[in-house]
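Engineer: Got a structure for you, final.json, holding JSON, C-alpha atoms.
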```
[["chain", "number", "residue", "atom", "x", "y", "z"],
["A", 5, "MET", "CA", 0.00, 0.00, 0.00],
["A", 6, "ARG", "CA", 1.05, 3.64, -0.47],
["A", 7, "ALA", "CA", 1.65, 5.59, 2.71],
["A", 8, "VAL", "CA", 3.23, 8.83, 3.91],
["A", 9, "VAL", "CA", 6.14, 8.26, 6.27],
["A", 10, "ARG", "CA", 8.98, 10.10, 7.97],
["A", 11, "GLU", "CA", 12.05, 8.37, 9.37],
["A", 12, "ARG", "CA", 13.32, 11.41, 11.29],
["A", 13, "TYR", "CA", 11.87, 14.60, 12.71],
["A", 14, "GLY", "CA", 12.02, 17.82, 10.76],
["A", 15, "ASP", "CA", 10.12, 20.13, 8.43],
["A", 16, "SER", "CA", 7.91, 18.86, 5.63],
["A", 17, "SER", "CA", 10.92, 17.80, 3.57],
["A", 18, "VAL", "CA", 11.22, 14.67, 5.75],
["A", 19, "LEU", "CA", 7.90, 13.30, 4.44],
["A", 20, "ARG", "CA", 7.94, 10.66, 1.69],
["A", 21, "VAL", "CA", 5.29, 8.56, -0.05],
["A", 22, "VAL", "CA", 6.44, 4.95, -0.08],
["A", 23, "GLU", "CA", 5.13, 1.44, -0.57],
["A", 24, "ARG", "CA", 4.62, -0.21, 2.83],
["A", 25, "ALA", "CA", 3.41, -3.67, 3.75],
["A", 26, "ASP", "CA", -0.33, -3.87, 4.31],
["A", 27, "PRO", "CA", -1.41, -3.92, 7.96],
["A", 28, "PRO", "CA", -2.00, -7.39, 9.44],
["A", 29, "ALA", "CA", -5.47, -8.92, 9.51],
["A", 30, "PRO", "CA", -7.53, -7.30, 12.28],
["A", 31, "ALA", "CA", -7.52, -9.08, 15.63],
["A", 32, "ARG", "CA", -9.98, -8.84, 18.54],
["A", 33, "ASP", "CA", -11.76, -5.44, 18.32],
["A", 34, "GLN", "CA", -9.70, -4.11, 15.42],
["A", 35, "VAL", "CA", -11.05, -2.83, 12.11],
["A", 36, "LEU", "CA", -9.16, -2.54, 8.83],
["A", 37, "VAL", "CA", -10.25, 0.51, 6.84],
["A", 38, "ALA", "CA", -9.62, 1.25, 3.16],
["A", 39, "VAL", "CA", -9.00, 4.98, 3.46],
["A", 40, "THR", "CA", -10.64, 7.28, 0.95],
["A", 41, "THR", "CA", -9.98, 10.62, 2.66],
["A", 42, "ALA", "CA", -7.68, 11.69, 5.48],
["A", 43, "GLY", "CA", -7.97, 14.87, 7.53],
["A", 44, "VAL", "CA", -4.94, 17.06, 8.24],
["A", 45, "ASN", "CA", -4.52, 18.51, 11.75],
["A", 46, "MET", "CA", -1.90, 20.42, 13.71],
["A", 47, "ALA", "CA", -1.29, 17.13, 15.51],
["A", 48, "ASP", "CA", 0.29, 15.94, 12.26],
["A", 49, "TRP", "CA", 2.69, 18.91, 12.35],
["A", 50, "HIS", "CA", 3.70, 17.85, 15.87],
["A", 51, "LEU", "CA", 4.24, 14.27, 14.69],
["A", 52, "MET", "CA", 6.31, 15.48, 11.75],
["A", 53, "THR", "CA", 8.52, 17.95, 13.61],
["A", 54, "GLY", "CA", 8.67, 16.22, 16.99],
["A", 55, "LEU", "CA", 7.92, 19.60, 18.59],
["A", 56, "PRO", "CA", 7.65, 20.52, 21.33],
["A", 57, "SER", "CA", 10.47, 18.15, 22.21],
["A", 58, "VAL", "CA", 8.68, 16.89, 25.31],
["A", 59, "ALA", "CA", 6.23, 15.17, 22.94],
["A", 60, "ARG", "CA", 9.01, 12.83, 21.83],
["A", 61, "LEU", "CA", 8.55, 10.98, 25.11],
["A", 62, "ALA", "CA", 5.43, 9.60, 23.43],
["A", 63, "PHE", "CA", 6.54, 9.61, 19.75],
["A", 64, "GLY", "CA", 10.12, 8.35, 20.11],
["A", 65, "ALA", "CA", 13.08, 10.20, 21.58],
["A", 66, "ARG", "CA", 15.58, 10.19, 18.68],
["A", 67, "VAL", "CA", 13.51, 8.96, 15.76],
["A", 68, "PRO", "CA", 9.77, 8.26, 15.39],
["A", 69, "ARG", "CA", 8.78, 4.85, 16.70],
["A", 70, "GLU", "CA", 6.03, 4.71, 14.06],
["A", 71, "PRO", "CA", 7.15, 6.05, 10.66],
["A", 72, "GLY", "CA", 3.56, 6.58, 9.53],
["A", 73, "ILE", "CA", 1.74, 9.84, 10.12],
["A", 74, "GLY", "CA", -1.86, 11.06, 10.19],
["A", 75, "ARG", "CA", -4.86, 10.44, 12.43],
["A", 76, "ASP", "CA", -8.25, 11.32, 10.89],
["A", 77, "VAL", "CA", -9.82, 8.94, 8.36],
["A", 78, "ALA", "CA", -12.92, 8.33, 6.34],
["A", 79, "GLY", "CA", -13.23, 5.19, 4.30],
["A", 80, "VAL", "CA", -14.77, 1.77, 3.90],
["A", 81, "VAL", "CA", -14.39, -1.20, 6.24],
["A", 82, "ARG", "CA", -12.26, -3.88, 4.59],
["A", 83, "ALA", "CA", -12.28, -6.45, 7.42],
["A", 84, "VAL", "CA", -13.10, -6.72, 11.13],
["A", 85, "GLY", "CA", -11.73, -8.67, 14.09],
["A", 86, "PRO", "CA", -13.72, -11.41, 15.85],
["A", 87, "GLU", "CA", -14.82, -9.15, 18.74],
["A", 88, "VAL", "CA", -16.23, -6.39, 16.53],
["A", 89, "THR", "CA", -20.03, -6.29, 16.80],
["A", 90, "GLY", "CA", -21.16, -2.94, 15.38],
["A", 91, "LEU", "CA", -19.37, -2.79, 12.04],
["A", 92, "ARG", "CA", -18.94, -5.06, 9.05],
["A", 93, "ALA", "CA", -17.09, -5.10, 5.75],
["A", 94, "GLY", "CA", -18.48, -2.54, 3.34],
["A", 95, "ASP", "CA", -19.61, -0.03, 5.97],
["A", 96, "ARG", "CA", -18.62, 3.59, 5.35],
["A", 97, "VAL", "CA", -16.89, 4.89, 8.47],
["A", 98, "PHE", "CA", -14.98, 7.84, 9.88],
["A", 99, "GLY", "CA", -12.84, 8.30, 12.96],
["A", 100, "THR", "CA", -9.22, 8.03, 13.99],
["A", 101, "ALA", "CA", -6.43, 5.59, 13.23],
["A", 102, "PRO", "CA", -2.66, 5.57, 13.67],
["A", 103, "ALA", "CA", -0.67, 6.24, 10.49],
["A", 104, "ALA", "CA", -3.82, 7.38, 8.70],
["A", 105, "PHE", "CA", -2.09, 8.93, 5.67],
["A", 106, "ALA", "CA", -2.14, 5.58, 3.89],
["A", 107, "GLU", "CA", -4.34, 3.47, 1.66],
["A", 108, "LEU", "CA", -5.11, 1.11, 4.56],
["A", 109, "ALA", "CA", -5.38, 1.87, 8.27],
["A", 110, "LEU", "CA", -5.87, -0.44, 11.25],
["A", 111, "THR", "CA", -7.73, 0.89, 14.28],
["A", 112, "ARG", "CA", -10.17, -0.11, 17.04],
["A", 113, "GLU", "CA", -13.93, -0.26, 16.67],
["A", 114, "ARG", "CA", -14.42, 2.36, 19.40],
["A", 115, "ALA", "CA", -12.46, 4.87, 17.30],
["A", 116, "LEU", "CA", -14.93, 4.67, 14.39],
["A", 117, "ALA", "CA", -18.52, 5.57, 13.59],
["A", 118, "ARG", "CA", -20.65, 5.02, 10.51],
["A", 119, "ILE", "CA", -20.86, 7.87, 8.02],
["A", 120, "PRO", "CA", -24.53, 8.88, 7.74],
["A", 121, "ASP", "CA", -26.28, 8.26, 4.44],
["A", 122, "GLY", "CA", -25.94, 11.20, 2.10],
["A", 123, "VAL", "CA", -22.84, 12.61, 3.82],
["A", 124, "ALA", "CA", -19.67, 12.82, 1.73],
["A", 125, "PRO", "CA", -16.49, 11.24, 3.10],
["A", 126, "GLU", "CA", -14.78, 14.64, 2.87],
["A", 127, "ALA", "CA", -17.21, 16.12, 5.41],
["A", 128, "ALA", "CA", -16.75, 13.17, 7.73],
["A", 129, "ALA", "CA", -12.94, 13.19, 7.50],
["A", 130, "ALA", "CA", -12.90, 16.84, 8.55],
["A", 131, "LEU", "CA", -14.37, 16.12, 11.98],
["A", 132, "PRO", "CA", -12.82, 13.41, 14.18],
["A", 133, "THR", "CA", -9.91, 15.16, 15.92],
["A", 134, "ALA", "CA", -11.05, 18.78, 15.58],
["A", 135, "GLY", "CA", -14.65, 17.95, 16.44],
["A", 136, "THR", "CA", -13.97, 15.86, 19.54],
["A", 137, "THR", "CA", -11.43, 18.45, 20.72],
["A", 138, "ALA", "CA", -14.01, 21.21, 20.28],
["A", 139, "LEU", "CA", -16.60, 19.26, 22.27],
["A", 140, "HIS", "CA", -14.05, 18.65, 25.03],
["A", 141, "ALA", "CA", -13.17, 22.36, 25.06],
["A", 142, "LEU", "CA", -16.82, 23.38, 25.38],
["A", 143, "ARG", "CA", -17.23, 21.04, 28.35],
["A", 144, "GLY", "CA", -14.09, 22.50, 29.87],
["A", 145, "ALA", "CA", -15.50, 26.01, 29.42],
["A", 146, "ARG", "CA", -18.82, 24.88, 30.95],
["A", 147, "VAL", "CA", -20.81, 25.96, 27.92],
["A", 148, "GLU", "CA", -24.57, 25.55, 28.32],
["A", 149, "PRO", "CA", -27.75, 27.21, 27.02],
["A", 150, "GLY", "CA", -27.61, 30.95, 27.63],
["A", 151, "SER", "CA", -23.87, 31.04, 28.44],
["A", 152, "ARG", "CA", -21.87, 34.01, 27.18],
["A", 153, "VAL", "CA", -18.93, 32.42, 25.37],
["A", 154, "LEU", "CA", -15.87, 33.83, 23.63],
["A", 155, "VAL", "CA", -13.94, 31.71, 21.11],
["A", 156, "LEU", "CA", -10.47, 33.03, 20.30],
["A", 157, "GLY", "CA", -9.12, 31.55, 17.07],
["A", 158, "ALA", "CA", -12.60, 30.99, 15.68],
["A", 159, "GLY", "CA", -11.38, 30.60, 12.11],
["A", 160, "GLY", "CA", -9.27, 27.50, 12.71],
["A", 161, "GLY", "CA", -10.26, 23.84, 12.55],
["A", 162, "VAL", "CA", -11.06, 23.44, 16.25],
["A", 163, "GLY", "CA", -12.18, 27.04, 16.73],
["A", 164, "SER", "CA", -14.74, 27.05, 13.92],
["A", 165, "LEU", "CA", -16.28, 23.82, 15.18],
["A", 166, "ALA", "CA", -16.30, 25.17, 18.75],
["A", 167, "VAL", "CA", -18.24, 28.20, 17.52],
["A", 168, "ARG", "CA", -20.83, 26.16, 15.66],
["A", 169, "LEU", "CA", -21.21, 23.57, 18.42],
["A", 170, "ALA", "CA", -21.61, 26.30, 21.05],
["A", 171, "VAL", "CA", -24.29, 27.97, 18.90],
["A", 172, "LEU", "CA", -26.11, 24.63, 18.59],
["A", 173, "ALA", "CA", -25.87, 24.26, 22.40],
["A", 174, "GLY", "CA", -27.79, 27.52, 22.81],
["A", 175, "ALA", "CA", -24.88, 29.69, 23.94],
["A", 176, "ARG", "CA", -24.45, 33.37, 23.09],
["A", 177, "VAL", "CA", -21.19, 33.25, 21.16],
["A", 178, "THR", "CA", -18.66, 35.93, 20.31],
["A", 179, "ALA", "CA", -16.15, 34.67, 17.77],
["A", 180, "ALA", "CA", -12.74, 36.32, 17.35],
["A", 181, "THR", "CA", -10.70, 35.54, 14.25],
["A", 182, "SER", "CA", -8.24, 37.11, 11.84],
["A", 183, "ALA", "CA", -9.53, 39.73, 9.40],
["A", 184, "GLY", "CA", -9.34, 37.41, 6.39],
["A", 185, "LYS", "CA", -11.64, 34.82, 8.01],
["A", 186, "LEU", "CA", -14.41, 37.08, 9.33],
["A", 187, "ASP", "CA", -16.94, 36.24, 6.62],
["A", 188, "ALA", "CA", -16.35, 32.50, 6.94],
["A", 189, "VAL", "CA", -16.91, 32.67, 10.70],
["A", 190, "ARG", "CA", -20.11, 34.72, 10.29],
["A", 191, "ALA", "CA", -21.56, 31.76, 8.39],
["A", 192, "LEU", "CA", -21.34, 29.75, 11.64],
["A", 193, "GLU", "CA", -24.05, 32.04, 13.08],
["A", 194, "PRO", "CA", -22.45, 33.35, 16.29],
["A", 195, "GLU", "CA", -24.02, 36.35, 17.99],
["A", 196, "ALA", "CA", -20.98, 38.52, 17.19],
["A", 197, "VAL", "CA", -17.80, 38.24, 15.10],
["A", 198, "VAL", "CA", -14.79, 40.44, 15.90],
["A", 199, "ASP", "CA", -11.26, 40.87, 14.59],
["A", 200, "ARG", "CA", -8.86, 39.06, 16.90],
["A", 201, "ALA", "CA", -6.32, 41.86, 16.38],
["A", 202, "ASP", "CA", -8.75, 44.35, 18.00],
["A", 203, "ARG", "CA", -8.42, 43.33, 21.64],
["A", 204, "ALA", "CA", -10.82, 46.06, 22.77],
["A", 205, "ALA", "CA", -13.58, 44.34, 20.76],
["A", 206, "TRP", "CA", -13.20, 41.02, 22.60],
["A", 207, "GLY", "CA", -15.31, 42.14, 25.55],
["A", 208, "ALA", "CA", -15.18, 40.65, 29.05],
["A", 209, "GLY", "CA", -17.28, 39.00, 31.72],
["A", 210, "TYR", "CA", -17.70, 35.75, 29.80],
["A", 211, "ASP", "CA", -19.02, 32.58, 31.40],
["A", 212, "GLY", "CA", -16.67, 30.60, 29.19],
["A", 213, "VAL", "CA", -13.66, 31.32, 26.98],
["A", 214, "VAL", "CA", -12.21, 28.82, 24.50],
["A", 215, "VAL", "CA", -8.71, 29.65, 23.25],
["A", 216, "THR", "CA", -7.35, 27.83, 20.20],
["A", 217, "GLY", "CA", -3.76, 28.80, 19.47],
["A", 218, "GLY", "CA", -1.98, 32.05, 20.18],
["A", 219, "LEU", "CA", 0.19, 32.80, 23.17],
["A", 220, "ASP", "CA", -1.86, 35.37, 25.05],
["A", 221, "PRO", "CA", -0.70, 35.40, 28.70],
["A", 222, "LEU", "CA", -2.86, 33.52, 31.16],
["A", 223, "ARG", "CA", -3.40, 36.67, 33.25],
["A", 224, "ASP", "CA", -4.85, 38.49, 30.22],
["A", 225, "LEU", "CA", -7.15, 35.59, 29.37],
["A", 226, "ARG", "CA", -8.44, 35.44, 32.95],
["A", 227, "ARG", "CA", -9.51, 39.08, 32.66],
["A", 228, "LEU", "CA", -11.97, 38.04, 29.95],
["A", 229, "LEU", "CA", -13.83, 35.80, 32.40],
["A", 230, "ALA", "CA", -16.60, 36.42, 34.88],
["A", 231, "PRO", "CA", -15.51, 35.86, 38.51],
["A", 232, "ARG", "CA", -16.50, 32.20, 38.29],
["A", 233, "GLY", "CA", -16.01, 31.75, 34.56],
["A", 234, "ALA", "CA", -14.16, 28.87, 32.87],
["A", 235, "LEU", "CA", -11.21, 28.98, 30.48],
["A", 236, "ALA", "CA", -10.37, 26.11, 28.09],
["A", 237, "LEU", "CA", -6.94, 26.20, 26.41],
["A", 238, "VAL", "CA", -6.36, 24.24, 23.20],
["A", 239, "GLY", "CA", -3.09, 23.80, 21.32],
["A", 240, "ALA", "CA", 0.61, 23.52, 22.06],
["A", 241, "GLU", "CA", 2.01, 25.58, 19.17],
["A", 242, "GLY", "CA", 4.42, 28.48, 19.54],
["A", 243, "GLY", "CA", 6.94, 29.34, 22.22],
["A", 244, "GLY", "CA", 10.02, 27.27, 22.92],
["A", 245, "ASP", "CA", 11.00, 24.05, 21.19],
["A", 246, "VAL", "CA", 11.36, 22.01, 24.38],
["A", 247, "LEU", "CA", 8.03, 22.53, 26.13],
["A", 248, "GLY", "CA", 6.15, 24.83, 23.77],
["A", 249, "GLY", "CA", 4.38, 28.02, 24.75],
["A", 250, "GLY", "CA", 0.91, 26.49, 24.57],
["A", 251, "THR", "CA", 1.89, 23.49, 26.68],
["A", 252, "ALA", "CA", 3.60, 25.68, 29.25],
["A", 253, "ARG", "CA", 0.50, 27.86, 29.51],
["A", 254, "GLN", "CA", -1.67, 24.79, 30.02],
["A", 255, "LEU", "CA", 0.61, 23.61, 32.83],
["A", 256, "ARG", "CA", 0.45, 27.01, 34.51],
["A", 257, "ALA", "CA", -3.34, 26.93, 34.23],
["A", 258, "ALA", "CA", -3.49, 23.49, 35.86],
["A", 259, "LEU", "CA", -1.36, 24.69, 38.77],
["A", 260, "LEU", "CA", -3.33, 27.92, 39.25],
["A", 261, "SER", "CA", -6.88, 26.58, 38.82],
["A", 262, "PRO", "CA", -7.21, 25.01, 42.31],
["A", 263, "LEU", "CA", -6.18, 28.33, 43.88],
["A", 264, "VAL", "CA", -8.72, 30.63, 42.17],
["A", 265, "ARG", "CA", -12.49, 30.78, 41.74],
["A", 266, "GLN", "CA", -12.24, 30.56, 37.96],
["A", 267, "ARG", "CA", -11.82, 27.22, 36.21],
["A", 268, "LEU", "CA", -8.67, 26.96, 34.05],
["A", 269, "VAL", "CA", -8.21, 23.77, 32.01],
["A", 270, "GLY", "CA", -6.01, 22.50, 29.21],
["A", 271, "VAL", "CA", -7.60, 20.48, 26.41],
["A", 272, "VAL", "CA", -6.04, 17.64, 24.45],
["A", 273, "SER", "CA", -7.63, 15.45, 21.81],
["A", 274, "ARG", "CA", -8.65, 11.97, 22.89],
["A", 275, "ASP", "CA", -10.81, 9.22, 21.39],
["A", 276, "ASN", "CA", -14.33, 9.33, 22.78],
["A", 277, "PRO", "CA", -17.02, 7.13, 21.20],
["A", 278, "ALA", "CA", -19.83, 9.27, 22.64],
["A", 279, "ASP", "CA", -18.39, 12.45, 21.10],
["A", 280, "LEU", "CA", -17.87, 10.73, 17.76],
["A", 281, "GLY", "CA", -21.49, 9.60, 17.90],
["A", 282, "ARG", "CA", -22.59, 13.16, 18.64],
["A", 283, "LEU", "CA", -20.69, 14.43, 15.60],
["A", 284, "ARG", "CA", -22.24, 11.68, 13.46],
["A", 285, "ASP", "CA", -25.74, 12.73, 14.55],
["A", 286, "LEU", "CA", -25.05, 16.40, 13.75],
["A", 287, "LEU", "CA", -23.72, 15.42, 10.33],
["A", 288, "ALA", "CA", -26.85, 13.37, 9.69],
["A", 289, "SER", "CA", -29.17, 16.21, 10.68],
["A", 290, "GLY", "CA", -27.27, 18.76, 8.61],
["A", 291, "ASP", "CA", -26.73, 21.02, 11.64],
["A", 292, "LEU", "CA", -22.95, 20.62, 11.35],
["A", 293, "VAL", "CA", -21.38, 21.11, 7.92],
["A", 294, "PRO", "CA", -17.59, 21.46, 8.20],
["A", 295, "ALA", "CA", -15.99, 23.92, 5.82],
["A", 296, "VAL", "CA", -13.47, 22.20, 3.56],
["A", 297, "GLU", "CA", -10.99, 24.56, 1.92],
["A", 298, "ARG", "CA", -9.02, 22.14, -0.21],
["A", 299, "VAL", "CA", -8.49, 18.46, -0.95],
["A", 300, "LEU", "CA", -4.99, 17.50, -2.07],
["A", 301, "PRO", "CA", -3.65, 14.16, -3.32],
["A", 302, "LEU", "CA", -1.75, 11.93, -0.90],
["A", 303, "ASP", "CA", 1.62, 12.81, -2.43],
["A", 304, "GLN", "CA", 1.05, 16.44, -1.43],
["A", 305, "ALA", "CA", 0.79, 15.70, 2.29],
["A", 306, "ALA", "CA", 3.81, 17.94, 2.94],
["A", 307, "ALA", "CA", 2.14, 20.89, 1.22],
["A", 308, "ALA", "CA", -1.08, 20.22, 3.13],
["A", 309, "ILE", "CA", 0.65, 20.32, 6.52],
["A", 310, "ASP", "CA", 2.65, 23.41, 5.55],
["A", 311, "HIS", "CA", -0.50, 25.24, 4.49],
["A", 312, "LEU", "CA", -2.32, 24.36, 7.69],
["A", 313, "ALA", "CA", 0.65, 25.34, 9.88],
["A", 314, "SER", "CA", 0.91, 28.70, 8.11],
["A", 315, "GLY", "CA", -2.46, 29.72, 9.57],
["A", 316, "ALA", "CA", -3.75, 30.66, 6.12],
["A", 317, "ALA", "CA", -6.31, 27.84, 5.77],
["A", 318, "ARG", "CA", -9.91, 29.08, 5.74],
["A", 319, "GLY", "CA", -11.39, 25.65, 6.24],
["A", 320, "LYS", "CA", -10.34, 22.05, 6.63],
["A", 321, "VAL", "CA", -7.44, 20.66, 4.59],
["A", 322, "LEU", "CA", -7.85, 17.04, 3.46],
["A", 323, "LEU", "CA", -5.97, 14.39, 1.54],
["A", 324, "ALA", "CA", -7.62, 12.28, -1.17],
["A", 325, "VAL", "CA", -6.15, 8.81, -0.67],
["A", 326, "SER", "CA", -8.12, 6.50, -2.93]]
```
Before anything else, please render the file you have as structure tokens.
Structural biologist:
Amino acid sequence: MRAVVRERYGDSSVLRVVERADPPAPARDQVLVAVTTAGVNMADWHLMTGLPSVARLAFGARVPREPGIGRDVAGVVRAVGPEVTGLRAGDRVFGTAPAAFAELALTRERALARIPDGVAPEAAAALPTAGTTALHALRGARVEPGSRVLVLGAGGGVGSLAVRLAVLAGARVTAATSAGKLDAVRALEPEAVVDRADRAAWGAGYDGVVVTGGLDPLRDLRRLLAPRGALALVGAEGGGDVLGGGTARQLRAALLSPLVRQRLVGVVSRDNPADLGRLRDLLASGDLVPAVERVLPLDQAAAAIDHLASGAARGKVLLAVS
């Protein structure tokens, strides 16, 4: 099978498309997926670069333990293990899988959900990591009907989904994004859209604030909150190479949160079958339609990651695999 790999950490020049052996037959609760579309996330930039360096404790200290890269998939079930009960060969599915930038991916049943009838694989592939992270962030920010919520970085993959999901939850949402993405964010139907560069327009006194990217100091972000408001921090980009500015800010938030009335939490992506099911239902109803900016062929994975990391993407970036 064709797959994107890297044998060392670095910029996008380390990525290659090679022929790899097919994954083994699925065992126990595993599912083998023939990938049609793969979603590109900032997590893939971290896997590629090995930054911040602390992440190499999980990826491999000197070289990647797993050469493959990618996480989000949409495709068709090729085969299932003997303990799989909810899926069968031929089902259209989306979710997460290790080394997803490949023609075949092996994952667990709990990491997948069926693609609703009438939904394109491109829409489904845009959601797994960004969508579940957005849902986790909204829980961290204690978003509920009637909440006043600010989303900083509303034009990104996680941020745009956080805006739409908060609107669907009945919150009063202010969305802050860069000037070039204002119109795209307005389509998500928040109560207000403001230029992130105009800090005076952000407002204050929010019940919840979701921050995706950027390195605004924790003290400044706390000033946006009501006395008992909640802050959810997403992303580890920027800052130093060893720990990363985003990661360091999350650690400071975790240490400070028990000492103050406000809630300060860091958010990381994790597989959650209930959240994936929620995203599936919203896809089926048409309430959630992810914006896809471009679909590139598998051999342009490097360009896809570079474009996403540049911050210029105005929607999801995907790879057409087969």
Engineer: What is the distance between atom CA of A:Glu297 and atom CA of A:Met46, in Å to one decimal?
Structural biologist: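 Straight-line distance from atom CA of A:Glu297 to atom CA of A:Met46 works out to 15.5 Å.
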Engineer: Every residue with an atom at most 10 Å from (-18.6, 30.3, 27.6) (file coordinates; all atoms listed in the file) is what I'm after, so could you write them as a PyMOL selection string?
Structural biologist: chain A and resi 141-155+170+175-178+209-214+229-230+233-236
Engineer: Between atom CA of A:Ala42 and atom CA of A:Ala324, what is the distance, to one decimal in Å?
Structural biologist: 6.7 Å
Engineer: Could you tell me how far atom CA of A:Asp224 lies from atom CA of A:Arg256, in Å and to one decimal?
Structural biologist: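 If I compute the distance from atom CA of A:Asp224 to atom CA of A:Arg256, I get 13.4 Å.
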Engineer: If you count only C-alpha atoms, which residues fall within 12 Å of A:Ala258, apart from same-chain ones fewer than 2 positions away, as a PyMOL selection string?
Structural biologist: chain A and resi 222+235-237+251-256+260-264+266-271
Engineer: Can you tell me, as a PyMOL selection string, what residues are no more than 10 Å from A:Ala104 when counting all atoms listed in the file, ignoring any on the same chain fewer than 6 positions away?
Structural biologist: chain A and resi 7-8+37+39+41-44+72-78+110-111+325
Engineer: Excluding stretch 13-25 of chain A and its own-chain neighbours fewer than 6 positions away, which residues fall within 9 Å of it when counting only C-alpha atoms? Please give them as a count of residues only.
Structural biologist: 20
Engineer: Of the candidates A:Pro277, A:Pro120, A:Gly94, A:Pro71, which shows the shortest atom-to-atom distance to A:Arg10, using all atoms listed in the file?
Structural biologist: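 Using all atoms listed in the file, A:Arg10 sits closest to A:Pro71.
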Engineer: Nearest to A:Ala295 among A:Ala38, A:Leu131, A:Ala65, A:Leu219, with distances taken over only C-alpha atoms: which residue is it?
Structural biologist: A:Leu131
Engineer: Which residues are close to A:Ala127, i.e. within 8 Å by all atoms listed in the file, leaving aside same-chain residues fewer than 6 positions away? Reply as a VMD selection string.
Structural biologist: chain A and resid 293 to 296
Engineer: Between A:Gly79, A:Gly239, A:Gly250, A:Pro194, single out the one closest to A:Leu169, counting all atoms listed in the file.
Structural biologist: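 Using all atoms listed in the file, A:Leu169 sits closest to A:Pro194.
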Engineer: Which one is closest to A:Arg284: A:Ala130, A:Ala103, A:Gly64, A:Asp48? Count only C-alpha atoms.
Structural biologist: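 Of the candidates, the smallest distance to A:Arg284 is held by A:Ala130.
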Engineer: So, with all atoms listed in the file as the atoms that count, which of A:Ala208, A:Arg96, A:Leu259, A:Val167 lies closest to A:Gly122?
Structural biologist: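 Among the listed residues, A:Arg96 lies closest to A:Gly122.
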Engineer: Within 9 Å of A:Gly135, counting all atoms listed in the file, which residues qualify if same-chain residues fewer than 6 places away don't, as number ranges by chain?
Structural biologist: A: 161-162, 165-166, 169, 279-280, 283
Engineer: Would you output that residue set with C-alpha atoms, as an mmCIF file, keeping the file's coordinate frame?
Structural biologist:
```
data_model
loop_
_atom_site.group_PDB
_atom_site.id
_atom_site.type_symbol
_atom_site.label_atom_id
_atom_site.label_comp_id
_atom_site.auth_asym_id
_atom_site.auth_seq_id
_atom_site.Cartn_x
_atom_site.Cartn_y
_atom_site.Cartn_z
ATOM 1 C CA GLY A 161 -10.260 23.840 12.550
ATOM 2 C CA VAL A 162 -11.060 23.440 16.250
ATOM 3 C CA LEU A 165 -16.280 23.820 15.180
ATOM 4 C CA ALA A 166 -16.300 25.170 18.750
ATOM 5 C CA LEU A 169 -21.210 23.570 18.420
ATOM 6 C CA ASP A 279 -18.390 12.450 21.100
ATOM 7 C CA LEU A 280 -17.870 10.730 17.760
ATOM 8 C CA LEU A 283 -20.690 14.430 15.600
#
```
